[in-house]
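*Asks:* Supplied in C-alpha cells, the structure appears directly below.
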Amino acid sequence: MNINIHVGVALVGLSVLSSIAFAQSLKDKEYFADQEKSLAGEVTSTNERCGNSLTAKFDWSKAPVPEERKINSAYGYCSEALVAMRRVCDSQAGKEAVKQKVKSLTCSFGPKRTVVLKDGTIDYEVNFNSSNNVDYVFEYLQGNL
C-alpha cells in the first residue's frame, strides 16, 4: 500500500512537470534556446579573461512574458553580470578572487534587481526597469569577493 502511494505521488509530480514542459510554445522554446546560446558566447569570453571555467544558466521559472521579450533581451541583461566580472578580472587580485570564489552564474527575473554570491554561485535577479547593471554588479563583486 505504501509503495502505491509513493508511485502515485511520483506520477503526479512527473505529470505536472511534463505539462509545464509541454506548455511552452515553439516560439518560447526557440527564444529560450537563442538566449542560452547568446549567453554561452559571453561565458566563453569571461572565462578567457578571468582564466576560469565558469558556467552560466537562466532560471526560466519566472521567465519574462512575451511582451517584455519584444523590448528587452534576457541575455543582454544577464550578460551585464559577466561584463562586470570581466572588469573585476582586469586586476590580478580580482582575477584570482573570481577564479577562487565564482564557479557559476544563474540569472532569473523578478520585480527587484538583486545579486548574491553564495557557495560559488552568483544569483543575479534581473529587473528590466533597472539601469547601470554592470556598475551595480561590479560594485557588489568588489565588496563581496
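If you're wondering about the labels, chains in the C-alpha cells are A, B, ... by order shown, residues count from 1 in each chain, ligands from 1 in order shown.
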Can you list, as a VMD selection string, all residues belonging to chain A that DSSP tags as helix (DSSP H, G or I)?

*Replies:* chain A and resid 2 to 23 26 to 50 60 to 62 66 to 71 74 to 88 92 to 101 133 to 144

*Asks:* Write out as a list in words which residues come within 9 Å of stretch 60-65 of chain A when counting only C-alpha atoms, dropping same-chain ones fewer than 2 positions away.

*Replies:*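 The residues satisfying every condition are Phe32, Phe58, Glu67, Glu68, Arg69, Asn72, Ala74, Cys107, Ser108, Phe109 and Gly110 of chain A.
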
*Asks:* Return as CSV the residues of stretch 104-142 of chain A lying at most 7 Å from stretch 79-90 of chain A, together with the closest atom-to-atom pair for each and the distance in Å to one decimal, counting only C-alpha atoms, with rows in chain order and ascending residue number.

*Replies:*
```
residue,atom,partner,partner_atom,distance
A:Asn133,CA,A:Glu80,CA,6.2
A:Val134,CA,A:Ala84,CA,5.1
A:Asp135,CA,A:Ala84,CA,6.9
A:Val137,CA,A:Ala81,CA,5.9
A:Phe138,CA,A:Ala84,CA,4.7
```

*Asks:* What lies within 9 Å of A:Gly76 using only C-alpha atoms, ignoring chain neighbours under 6 positions off, as a PDB file with N, CA and C atoms, in the first residue's frame?

*Replies:*
```pdb
ATOM      1  N   GLN A  35      18.504  32.677 -26.353  1.00  0.00           N
ATOM      2  CA  GLN A  35      19.084  33.428 -25.239  1.00  0.00           C
ATOM      3  C   GLN A  35      20.219  32.636 -24.579  1.00  0.00           C
ATOM      4  N   SER A  38      23.334  32.759 -26.868  1.00  0.00           N
ATOM      5  CA  SER A  38      24.000  34.061 -26.785  1.00  0.00           C
ATOM      6  C   SER A  38      24.769  34.200 -25.483  1.00  0.00           C
ATOM      7  N   LEU A  39      24.185  33.734 -24.399  1.00  0.00           N
ATOM      8  CA  LEU A  39      24.856  33.802 -23.099  1.00  0.00           C
ATOM      9  C   LEU A  39      26.124  32.952 -23.101  1.00  0.00           C
TER      10      LEU A  39
END
```

*Asks:* Grab the atom CA of A:Leu54 to atom CA of A:Lys99 distance for me, in Å with one decimal place.

*Replies:*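 That distance, rounded to one decimal, is 8.5 Å.
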
*Asks:* Let's see if you can do this: from backbone DSSP, list all strand (DSSP E) residues in chain A, as a count of residues only.

*Replies:* 21

*Asks:* Using atom CA of A:Glu96 and atom CA of A:Asp119 as the two end points, give the distance in Å to one decimal.

*Replies:*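 Interatomic distance here is 16.4 Å.
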
*Asks:* In terms of the shortest atom-to-atom distance over only C-alpha atoms, which of A:Val116, A:Leu105, A:Val126, A:Leu26 is closest to A:Ala56?

*Replies:*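 Closest to A:Ala56 of all the choices is A:Leu105.
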
*Asks:* Work out how far atom CA of A:Val98 is from atom CA of A:Glu48, in Å to one decimal.

*Replies:*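 Taking atom CA of A:Glu48 as the start and atom CA of A:Val98 as the end point, the length is 12.3 Å.
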
*Asks:* Find, counting only C-alpha atoms, the residue in A:Ile71, A:Ala40, A:Ala33, A:Val102 that gets nearest to A:Asn129.

*Replies:*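 Nearest to A:Asn129: A:Ile71.
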
*Asks:* Nearest residue to A:Glu42 out of A:Lys70, A:Ser131, A:Tyr75, A:Asn144, using only C-alpha atoms?

*Replies:* A:Tyr75
